[in-house]
Each structure stands twice: as C-alpha cells, then as structure tokens.
$ cat my_file.cif   # mmCIF, C-alpha atoms
data_input
loop_
_atom_site.label_atom_id
_atom_site.label_comp_id
_atom_site.auth_asym_id
_atom_site.auth_seq_id
_atom_site.Cartn_x
_atom_site.Cartn_y
_atom_site.Cartn_z
CA MET A 22 121.45 117.34 126.24
CA ALA A 23 122.92 113.89 126.92
CA THR A 24 123.26 111.73 123.80
CA LEU A 25 120.83 108.86 124.23
CA GLY A 26 122.73 106.51 121.92
CA ILE A 27 125.09 105.95 124.87
CA PRO A 28 123.64 103.07 126.96
CA SER A 29 124.18 104.68 130.39
CA ASN A 30 122.25 107.80 129.30
CA THR A 31 119.34 105.70 128.02
CA ILE A 32 119.21 103.76 131.30
CA ALA A 33 119.31 107.02 133.29
CA VAL A 34 116.29 108.39 131.36
CA LEU A 35 114.33 105.15 131.75
CA GLN A 36 115.02 105.15 135.50
CA LYS A 37 114.22 108.84 135.93
CA TYR A 38 110.77 108.29 134.41
CA ASN A 39 110.32 104.80 135.84
CA PHE A 40 109.50 103.66 132.29
CA THR A 41 108.06 100.18 131.70
CA PHE A 42 108.51 98.55 128.29
CA GLN A 43 105.24 97.69 126.59
CA LYS A 44 105.32 94.34 124.89
CA LYS A 45 102.27 95.25 122.77
CA PHE A 46 104.21 98.15 121.18
CA GLY A 47 107.27 96.00 120.41
CA GLN A 48 109.63 98.46 122.11
CA ASN A 49 113.39 97.98 121.68
CA PHE A 50 115.53 101.11 122.06
CA LEU A 51 118.76 101.44 120.10
CA ILE A 52 121.92 101.98 122.18
CA ASP A 53 124.70 102.13 119.61
CA THR A 54 125.92 105.47 118.30
CA ARG A 55 127.66 103.87 115.29
CA VAL A 56 124.41 102.30 114.11
CA LEU A 57 122.55 105.57 114.63
CA GLU A 58 125.07 107.41 112.49
CA LYS A 59 124.78 104.74 109.78
CA ILE A 60 121.00 105.18 109.68
CA ILE A 61 121.18 108.97 109.42
CA ASP A 62 123.91 108.78 106.76
CA ALA A 63 121.95 106.21 104.75
CA ALA A 64 118.85 108.42 104.86
CA GLU A 65 120.97 111.31 103.51
CA VAL A 66 119.17 113.79 105.75
CA THR A 67 119.94 117.46 105.09
CA LYS A 68 118.59 120.82 106.28
CA GLU A 69 116.33 120.78 103.19
CA ASP A 70 114.46 117.76 104.53
CA CYS A 71 111.31 117.22 106.51
CA VAL A 72 111.68 113.82 108.18
CA VAL A 73 108.81 111.76 109.57
CA GLU A 74 110.08 109.47 112.31
CA ILE A 75 107.86 106.55 113.28
CA GLY A 76 108.17 105.35 116.87
CA PRO A 77 110.81 107.71 118.29
CA GLY A 78 110.77 105.91 121.67
CA ILE A 79 112.70 108.12 124.11
CA GLY A 80 114.11 110.26 121.27
CA THR A 81 117.42 108.48 120.66
CA MET A 82 117.42 108.78 116.89
CA THR A 83 115.28 111.92 116.97
CA GLN A 84 118.20 113.84 118.49
CA TYR A 85 120.42 112.84 115.56
CA LEU A 86 117.70 113.68 113.04
CA ALA A 87 117.07 117.08 114.62
CA GLU A 88 120.77 117.96 114.23
CA ARG A 89 120.69 117.21 110.50
CA ALA A 90 117.15 117.87 109.25
CA GLY A 91 115.23 121.07 108.65
CA ARG A 92 112.19 119.64 110.39
CA VAL A 93 111.30 116.41 112.22
CA VAL A 94 107.79 115.12 112.90
CA ALA A 95 108.00 112.26 115.41
CA VAL A 96 104.91 110.03 115.63
CA GLU A 97 104.73 108.01 118.87
CA ILE A 98 101.80 105.79 119.88
CA ASP A 99 102.76 105.29 123.56
CA ARG A 100 101.37 108.09 125.76
CA ALA A 101 103.88 107.24 128.50
CA LEU A 102 106.73 108.32 126.20
CA ILE A 103 105.40 111.81 125.42
CA PRO A 104 106.70 113.55 128.60
CA ILE A 105 110.06 111.79 128.14
CA LEU A 106 110.30 113.00 124.53
CA GLU A 107 109.37 116.54 125.57
CA ASP A 108 112.30 116.39 127.99
CA THR A 109 114.94 114.67 125.80
CA LEU A 110 114.11 116.87 122.78
CA SER A 111 113.65 120.14 124.66
CA ALA A 112 116.85 121.59 123.15
CA TYR A 113 115.45 121.39 119.59
CA ASP A 114 112.96 123.83 118.11
CA ASN A 115 112.63 121.92 114.83
CA VAL A 116 110.93 118.81 116.28
CA GLU A 117 107.22 118.21 116.63
CA ILE A 118 105.88 115.21 118.61
CA LEU A 119 102.55 113.64 117.68
CA ASN A 120 100.95 111.12 120.05
CA GLU A 121 99.24 109.06 117.33
CA ASP A 122 99.05 105.61 115.78
CA ILE A 123 100.97 105.85 112.49
CA LEU A 124 98.52 103.47 110.81
CA LYS A 125 95.72 105.98 111.46
CA VAL A 126 97.59 109.17 110.53
CA ASP A 127 96.71 110.78 107.20
CA LEU A 128 100.27 111.02 105.92
CA ASN A 129 99.29 112.82 102.73
CA ARG A 130 97.81 115.61 104.84
CA LEU A 131 100.85 115.57 107.12
CA ALA A 132 103.21 116.05 104.13
CA GLU A 133 100.96 118.83 102.87
CA GLU A 134 100.85 120.67 106.23
CA LYS A 135 104.44 120.15 107.36
CA ASN A 136 106.30 120.20 104.05
CA GLY A 137 104.08 121.98 101.52
CA GLY A 138 103.32 118.67 99.79
CA ARG A 139 106.98 118.09 98.89
CA PRO A 140 108.34 114.57 99.42
CA VAL A 141 109.24 113.70 103.00
CA LYS A 142 111.82 111.18 104.17
CA VAL A 143 110.68 108.48 106.55
CA VAL A 144 113.15 107.14 109.12
CA ALA A 145 112.23 104.57 111.75
CA ASN A 146 113.29 101.81 114.08
CA LEU A 147 110.11 99.82 113.42
CA PRO A 148 108.34 97.47 115.79
CA TYR A 149 108.61 94.12 114.03
CA TYR A 150 104.95 93.17 114.25
CA ILE A 151 103.76 96.13 112.16
CA THR A 152 106.63 96.53 109.69
CA THR A 153 104.65 95.24 106.71
CA PRO A 154 101.43 97.26 107.24
CA ILE A 155 103.46 100.42 107.81
CA VAL A 156 105.66 100.01 104.71
CA MET A 157 102.70 98.98 102.56
CA GLY A 158 100.56 101.82 103.93
CA LEU A 159 103.25 104.37 103.05
CA PHE A 160 103.57 103.10 99.50
CA GLU A 161 99.96 102.24 98.68
CA SER A 162 98.51 105.54 99.86
CA HIS A 163 100.97 107.29 97.52
CA VAL A 164 102.34 109.58 100.24
CA PRO A 165 104.92 111.94 98.67
CA LEU A 166 108.08 110.14 99.78
CA SER A 167 111.64 110.23 98.56
CA SER A 168 112.91 107.39 100.74
CA ILE A 169 112.17 105.14 103.72
CA THR A 170 115.17 104.19 105.87
CA ILE A 171 114.14 101.66 108.47
CA MET A 172 115.47 99.22 111.01
CA VAL A 173 113.58 95.96 110.64
CA GLN A 174 113.97 92.32 111.56
CA LYS A 175 116.83 90.94 109.46
CA GLU A 176 114.68 88.31 107.75
CA VAL A 177 112.12 90.97 106.76
CA ALA A 178 114.89 93.03 105.11
CA GLU A 179 115.96 89.89 103.25
CA ARG A 180 112.36 89.22 102.22
CA MET A 181 112.13 92.72 100.74
CA GLN A 182 115.04 91.92 98.45
CA ALA A 183 114.16 88.29 97.66
CA GLY A 184 113.71 87.06 94.08
CA PRO A 185 111.53 84.37 92.47
CA GLY A 186 111.95 80.80 93.63
CA SER A 187 113.40 81.59 97.08
CA LYS A 188 111.43 80.79 100.23
CA ASP A 189 111.58 84.45 101.31
CA TYR A 190 109.96 85.65 98.08
CA GLY A 191 106.37 86.79 98.50
CA ALA A 192 103.84 89.60 98.27
CA LEU A 193 106.04 91.94 100.37
CA SER A 194 109.07 91.37 98.08
CA LEU A 195 107.03 92.21 94.98
CA ALA A 196 105.35 95.27 96.46
CA VAL A 197 108.60 96.75 97.78
CA GLN A 198 110.35 96.09 94.45
CA TYR A 199 107.43 97.60 92.51
CA TYR A 200 107.67 100.85 94.47
CA SER A 201 111.37 101.20 95.31
CA ASP A 202 115.04 100.29 95.03
CA GLN A 203 116.28 98.48 98.13
CA LYS A 204 119.66 98.54 99.81
CA ILE A 205 120.59 96.85 103.08
CA VAL A 206 122.85 99.38 104.78
CA ALA A 207 123.79 97.59 108.01
CA ASN A 208 123.21 94.40 109.96
CA VAL A 209 122.54 95.08 113.63
CA PRO A 210 123.01 92.41 116.33
CA PRO A 211 120.59 92.10 119.30
CA ASN A 212 123.09 93.57 121.80
CA CYS A 213 122.60 97.03 120.22
CA PHE A 214 119.19 97.34 121.89
CA ILE A 215 117.53 97.61 125.28
CA PRO A 216 115.79 95.22 125.89
CA ARG A 217 117.62 92.75 123.63
CA PRO A 218 115.36 91.34 120.90
CA ASN A 219 115.58 87.62 120.14
CA VAL A 220 116.51 88.20 116.50
CA GLY A 221 119.03 90.12 114.45
CA SER A 222 117.99 93.36 112.75
CA ALA A 223 118.98 95.17 109.58
CA VAL A 224 118.77 98.74 108.32
CA ILE A 225 117.31 98.91 104.83
CA ARG A 226 116.86 101.96 102.64
CA LEU A 227 113.98 101.98 100.17
CA THR A 228 114.33 104.70 97.54
CA ARG A 229 111.04 105.46 95.85
CA HIS A 230 110.95 104.86 92.08
CA GLU A 231 110.05 107.91 90.00
CA LYS A 232 107.77 105.53 88.18
CA PRO A 233 107.32 101.79 88.74
CA PRO A 234 109.58 99.46 86.70
CA VAL A 235 106.50 97.72 85.25
CA GLN A 236 103.28 99.25 83.92
CA VAL A 237 99.99 97.86 85.19
CA LYS A 238 96.47 98.79 84.06
CA ASP A 239 94.95 98.43 87.53
CA GLU A 240 97.27 98.63 90.52
CA LYS A 241 94.65 97.43 92.99
CA PHE A 242 93.87 94.31 90.93
CA PHE A 243 97.61 93.70 90.43
CA PHE A 244 98.22 93.56 94.19
CA SER A 245 95.10 91.48 94.88
CA LEU A 246 96.39 89.01 92.32
CA ILE A 247 99.84 88.91 93.94
CA ARG A 248 98.42 88.43 97.44
CA ALA A 249 96.10 85.66 96.26
CA SER A 250 99.03 83.94 94.48
CA PHE A 251 100.97 83.66 97.74
CA ASN A 252 98.05 82.93 100.08
CA GLN A 253 98.36 79.32 99.00
CA ARG A 254 102.01 79.09 98.01
CA ARG A 255 102.04 75.33 97.40
CA LYS A 256 99.13 75.42 94.96
CA MET A 257 99.42 75.79 91.23
CA LEU A 258 98.70 79.39 90.28
CA ALA A 259 95.63 78.53 88.18
CA ASN A 260 94.01 76.65 91.09
CA GLY A 261 94.97 79.21 93.74
CA LEU A 262 93.65 82.17 91.75
CA GLY A 263 90.62 80.27 90.47
CA ASN A 264 89.52 79.69 94.09
CA ALA A 265 90.41 83.14 95.46
CA PRO A 266 87.27 85.16 96.29
CA GLU A 267 89.12 88.51 96.05
CA VAL A 268 90.18 87.89 92.43
CA PRO A 269 87.20 87.51 90.07
CA VAL A 270 88.86 85.16 87.55
CA THR A 271 88.26 81.52 86.63
CA ARG A 272 90.82 78.75 86.51
CA GLU A 273 90.35 78.60 82.73
CA GLU A 274 91.06 82.34 82.33
CA VAL A 275 94.27 81.99 84.33
CA LYS A 276 95.38 78.98 82.28
CA GLY A 277 94.64 80.91 79.08
CA ALA A 278 96.67 83.92 80.24
CA LEU A 279 99.60 81.70 81.30
CA ALA A 280 99.51 79.96 77.90
CA ALA A 281 99.55 83.37 76.16
CA MET A 282 102.66 84.21 78.21
CA GLY A 283 104.30 80.93 77.23
CA LEU A 284 104.21 79.61 80.82
CA PRO A 285 103.13 76.09 81.87
CA GLU A 286 99.69 75.83 83.48
CA THR A 287 101.26 73.94 86.41
CA ILE A 288 103.41 76.94 87.44
CA ARG A 289 103.29 78.29 91.01
CA GLY A 290 103.10 81.96 91.93
CA GLU A 291 106.53 81.93 93.59
CA ALA A 292 108.14 81.27 90.17
CA LEU A 293 106.85 84.48 88.53
CA THR A 294 108.94 87.65 88.31
CA LEU A 295 107.55 91.14 88.94
CA SER A 296 107.18 91.78 85.20
CA GLN A 297 105.43 88.42 84.68
CA PHE A 298 102.94 89.29 87.43
CA ALA A 299 102.34 92.64 85.71
CA GLN A 300 101.78 90.90 82.38
CA LEU A 301 99.40 88.36 83.97
CA ALA A 302 97.43 91.10 85.75
CA ASN A 303 97.12 93.12 82.53
CA LEU A 304 95.88 90.05 80.62
CA LEU A 305 93.30 89.23 83.31
CA ALA A 306 92.22 92.76 84.29
#
$ encode --input "my_file.cif" --output "structure tokens"
Amino acid sequence: MATLGIPSNTIAVLQKYNFTFQKKFGQNFLIDTRVLEKIIDAAEVTKEDCVVEIGPGIGTMTQYLAERAGRVVAVEIDRALIPILEDTLSAYDNVEILNEDILKVDLNRLAEEKNGGRPVKVVANLPYYITTPIVMGLFESHVPLSSITIMVQKEVAERMQAGPGSKDYGALSLAVQYYSDQKIVANVPPNCFIPRPNVGSAVIRLTRHEKPPVQVKDEKFFFSLIRASFNQRRKMLANGLGNAPEVPVTREEVKGALAAMGLPETIRGEALTLSQFAQLANLLA
C-alpha cells in the first residue's frame, strides 16, 4: 500500500475518489512523514496497545499506527471518507473503522469492548474547532486512558501548558494540568498539510496522572468554579463568582474563603494556581 504521508500519494487518493474537503469538519490532511513518525514515537505505541484514532481522514496516520499497534479503532465522522479508508487500510487486519461523531461515542464502552477495559491510547490530528470539547470529554468522562497524543493549533497547545498570570491561562489550562502531564513534542508549520491551514500547529502529548496533583471534594463543583472564574476574566473573583448562576455562592462567601487563604479580595481568577483553585473549591463546596 502506498504511504500516504508522501504528498503525491495523498493527492492521487483524493483525485481517485474525487474527494471534496468539508470546511465544517475542519479537514487538513498531514503530508509529512517526519511529523507522522514523531507523533507515533511520542505516543509510544507498541503491539500491546489499543489505539483510538480520532478523525483518521484518508488513513495517513492510521497506516503508521496499524504497523505499530496491536489494535486501532479509527473514528471518522465524514461518510465520504469511509470507502477511502476501507481502500487505504485494506492491507491491515488490526484496524476497525467507525463512522461516528467522537463526541457522541461512549468511549468507556468502546474501551471495554475493544480492550477489555484496559487503558487505551488516543492519537489524533484534531480539527481545531472541537479540540477543547474532545479533550475535555475524554478526561471528564474518566475513560480509561494512558495518554492522548494530538496535533492541535499551536496556540491551543501553549494554552494547555500556560501558568497563572499569562493571557493564555484559562479553564482549559487548569483542566489539562489537573488530569495530565503535558509535553509539546513538535511544532508543525502549515506547509505540512493539504489544504494549508492559516495557523501553525503543534503535537502535544498528555500523559494521564495516576491521581490528580490536587485533591478536591467535588470535581464537578471545582470545574464549574474554574469556568465561572474565567467567564469574566477582567472581573474580581468575588464579583464574578458572586454573579455566576452556575456556582451557588455569594460574594461574601467568596471573600471569606479568599481571606482564609490569605489572598486579597480584589484578586482575579487568572492569578490563582491549580492548588489555590482546589483550596477555594474545597472551602466553598
């Protein structure tokens, strides 16, 4: 089977099937074998692994995964790509293609059925517009995962690693850091894709924590509190949380909790660390 990471082979497949890129699915296919190898190496895929690939496209990375993994489950939303995938992956008997929307797939059941409930590895070249819901969905539904290795928009990768006080710091940074260790593995320029995106990309590996670095009494409340703190970034935390309908606390309660933590009542959410948010949530829960 022709390696799809080579641009001429990708173009040949697209022409053979007269494929039209769908803007609504954010489709950009990778055409750089070096980047593909970096992704697979970073994910540390072995024959012991069951890999869930989100958005396989025409199967470019799927071919590499199939060579290394014990089993690959490729979840593709675009019906038009299914016959192409059946063709480009026909040489592999360890790949299963699901024509589904990843946000609607029960991934806990998938891990149970395909991997006996053992942790799966997720690898993906993610459409930029749904990066956050996908990553958050994987973590929040407590799917058995050992790692997520994904290509995302460069600024999203930076946001995942951002710390307090920086403009990139927000709810996504805190959630990703609560659930995982992050490592940016490669920066990928636009010319590595067809069609070329307008922005640079990065490959980031998120390795799931055995247990979170901070202990919270109520995880759901903790994340509601974080989201509400960043919904109105410019506001003082006590005012922002006091007005947030999803967090049943008063301005006075927030001020009291901040005082107990030795923090000024004028502080903004973007100044708090992960452990300070945990402490605040535990005081208010």
$ resolve_selection --input "my_file.cif" --expression "the PyMOL selection byres ((chain A and resi 235-250) around 10)" --output "JSON, numbers by chain"
{"A": [161, 191, 192, 193, 195, 196, 199, 200, 232, 233, 234, 251, 252, 253, 254, 255, 256, 257, 258, 259, 260, 261, 262, 263, 264, 265, 266, 267, 268, 269, 270, 289, 290, 291, 293, 295, 296, 297, 298, 299, 300, 301, 302, 303, 304, 305, 306]}
$ closest_residue --input "my_file.cif" --among "A:Val141, A:Val177, A:Ala292, A:Met82" --to "His163 in chain A" --atoms "all atoms listed in the file"
A:Val141
$ residues_around --input "my_file.cif" --residues "Lys59 in chain A" --least-positions-apart "5" --cutoff "10 Å" --atoms "only C-alpha atoms" --output "list in words"
Thr54, Ala64, Glu65, Val206, Ala207 and Val224 of chain A
$ atom_distance --input "my_file.cif" --atom1 "CA of Thr170 in chain A" --atom2 "CA of Ala87 in chain A"
15.7 Å
$ atom_distance --input "my_file.cif" --atom1 "CA of Val126 in chain A" --atom2 "CA of Asp99 in chain A"
14.5 Å
$ atom_distance --input "my_file.cif" --atom1 "CA of Lys37 in chain A" --atom2 "CA of Val94 in chain A"
24.7 Å
$ residues_around --input "my_file.cif" --residues "Ile123 in chain A" --least-positions-apart "2" --cutoff "7 Å" --atoms "only C-alpha atoms" --output "PyMOL selection string"
chain A and resi 75+96+121+125-126
$ resolve_selection --input "my_file.cif" --expression "the PyMOL selection byres ((chain A and resi 129) around 12)" --output "PyMOL selection string"
chain A and resi 73+125-128+130-141+158-166
$ resolve_selection --input "my_file.cif" --expression "the PyMOL selection byres ((chain A and resi 57) around 12)" --output "MDAnalysis selection string"
chainID A and resid 24:27 50:56 58:64 80:86 144:146 170:172 206:207 209 213:214 224
$ closest_residue --input "my_file.cif" --among "A:Thr294, A:Val66, A:Ala90, A:Gly78" --to "Ser187 in chain A" --atoms "all atoms listed in the file"
A:Thr294
$ closest_residue --input "my_file.cif" --among "A:Ala278, A:Val220, A:Ala112, A:Ile215" --to "Val173 in chain A" --atoms "all atoms listed in the file"
A:Val220
$ closest_residue --input "my_file.cif" --among "A:Leu284, A:Ser167, A:Ala101, A:Ile151" --to "His230 in chain A" --atoms "all atoms listed in the file"
A:Ser167
$ build_atoms --input "my_file.cif" --residues "range 109-134 of chain A" --atoms "N, CA and C atoms" --output "mmCIF file, keeping the file's coordinate frame"
data_model
loop_
_atom_site.group_PDB
_atom_site.id
_atom_site.type_symbol
_atom_site.label_atom_id
_atom_site.label_comp_id
_atom_site.auth_asym_id
_atom_site.auth_seq_id
_atom_site.Cartn_x
_atom_site.Cartn_y
_atom_site.Cartn_z
ATOM 1 N N THR A 109 113.692 114.986 126.521
ATOM 2 C CA THR A 109 114.940 114.670 125.800
ATOM 3 C C THR A 109 115.125 115.510 124.541
ATOM 4 N N LEU A 110 114.016 116.073 124.022
ATOM 5 C CA LEU A 110 114.110 116.870 122.780
ATOM 6 C C LEU A 110 113.926 118.365 123.041
ATOM 7 N N SER A 111 113.948 118.741 124.309
ATOM 8 C CA SER A 111 113.650 120.140 124.660
ATOM 9 C C SER A 111 114.629 121.141 124.041
ATOM 10 N N ALA A 112 115.831 120.671 123.711
ATOM 11 C CA ALA A 112 116.850 121.590 123.150
ATOM 12 C C ALA A 112 116.585 121.932 121.682
ATOM 13 N N TYR A 113 115.654 121.212 121.040
ATOM 14 C CA TYR A 113 115.450 121.390 119.590
ATOM 15 C C TYR A 113 114.136 122.087 119.278
ATOM 16 N N ASP A 114 114.214 123.124 118.460
ATOM 17 C CA ASP A 114 112.960 123.830 118.110
ATOM 18 C C ASP A 114 112.411 123.368 116.763
ATOM 19 N N ASN A 115 113.090 122.370 116.149
ATOM 20 C CA ASN A 115 112.630 121.920 114.830
ATOM 21 C C ASN A 115 111.971 120.534 114.892
ATOM 22 N N VAL A 116 111.560 120.130 116.113
ATOM 23 C CA VAL A 116 110.930 118.810 116.280
ATOM 24 C C VAL A 116 109.507 118.981 116.783
ATOM 25 N N GLU A 117 108.602 118.224 116.176
ATOM 26 C CA GLU A 117 107.220 118.210 116.630
ATOM 27 C C GLU A 117 106.865 116.767 116.992
ATOM 28 N N ILE A 118 106.233 116.569 118.157
ATOM 29 C CA ILE A 118 105.880 115.210 118.610
ATOM 30 C C ILE A 118 104.379 115.025 118.473
ATOM 31 N N LEU A 119 103.974 113.959 117.790
ATOM 32 C CA LEU A 119 102.550 113.640 117.680
ATOM 33 C C LEU A 119 102.271 112.330 118.411
ATOM 34 N N ASN A 120 101.327 112.348 119.347
ATOM 35 C CA ASN A 120 100.950 111.120 120.050
ATOM 36 C C ASN A 120 99.824 110.442 119.257
ATOM 37 N N GLU A 121 100.226 109.669 118.232
ATOM 38 C CA GLU A 121 99.240 109.060 117.330
ATOM 39 C C GLU A 121 99.705 107.666 116.924
ATOM 40 N N ASP A 122 98.755 106.904 116.380
ATOM 41 C CA ASP A 122 99.050 105.610 115.780
ATOM 42 C C ASP A 122 99.348 105.867 114.308
ATOM 43 N N ILE A 123 100.555 105.533 113.861
ATOM 44 C CA ILE A 123 100.970 105.850 112.490
ATOM 45 C C ILE A 123 100.028 105.251 111.452
ATOM 46 N N LEU A 124 99.413 104.107 111.784
ATOM 47 C CA LEU A 124 98.520 103.470 110.810
ATOM 48 C C LEU A 124 97.211 104.239 110.644
ATOM 49 N N LYS A 125 96.967 105.192 111.570
ATOM 50 C CA LYS A 125 95.720 105.980 111.460
ATOM 51 C C LYS A 125 95.984 107.431 111.046
ATOM 52 N N VAL A 126 97.257 107.790 110.900
ATOM 53 C CA VAL A 126 97.590 109.170 110.530
ATOM 54 C C VAL A 126 97.419 109.352 109.021
ATOM 55 N N ASP A 127 96.812 110.467 108.630
ATOM 56 C CA ASP A 127 96.710 110.780 107.200
ATOM 57 C C ASP A 127 98.040 111.404 106.760
ATOM 58 N N LEU A 128 98.917 110.557 106.221
ATOM 59 C CA LEU A 128 100.270 111.020 105.920
ATOM 60 C C LEU A 128 100.317 111.974 104.736
ATOM 61 N N ASN A 129 99.340 111.855 103.832
ATOM 62 C CA ASN A 129 99.290 112.820 102.730
ATOM 63 C C ASN A 129 99.034 114.222 103.280
ATOM 64 N N ARG A 130 98.114 114.309 104.242
ATOM 65 C CA ARG A 130 97.810 115.610 104.840
ATOM 66 C C ARG A 130 99.005 116.137 105.640
ATOM 67 N N LEU A 131 99.672 115.195 106.334
ATOM 68 C CA LEU A 131 100.850 115.570 107.120
ATOM 69 C C LEU A 131 101.928 116.180 106.220
ATOM 70 N N ALA A 132 102.193 115.529 105.072
ATOM 71 C CA ALA A 132 103.210 116.050 104.130
ATOM 72 C C ALA A 132 102.800 117.405 103.589
ATOM 73 N N GLU A 133 101.492 117.558 103.374
ATOM 74 C CA GLU A 133 100.960 118.830 102.870
ATOM 75 C C GLU A 133 101.171 119.933 103.913
ATOM 76 N N GLU A 134 100.783 119.648 105.162
ATOM 77 C CA GLU A 134 100.850 120.670 106.230
ATOM 78 C C GLU A 134 102.281 120.981 106.655
#
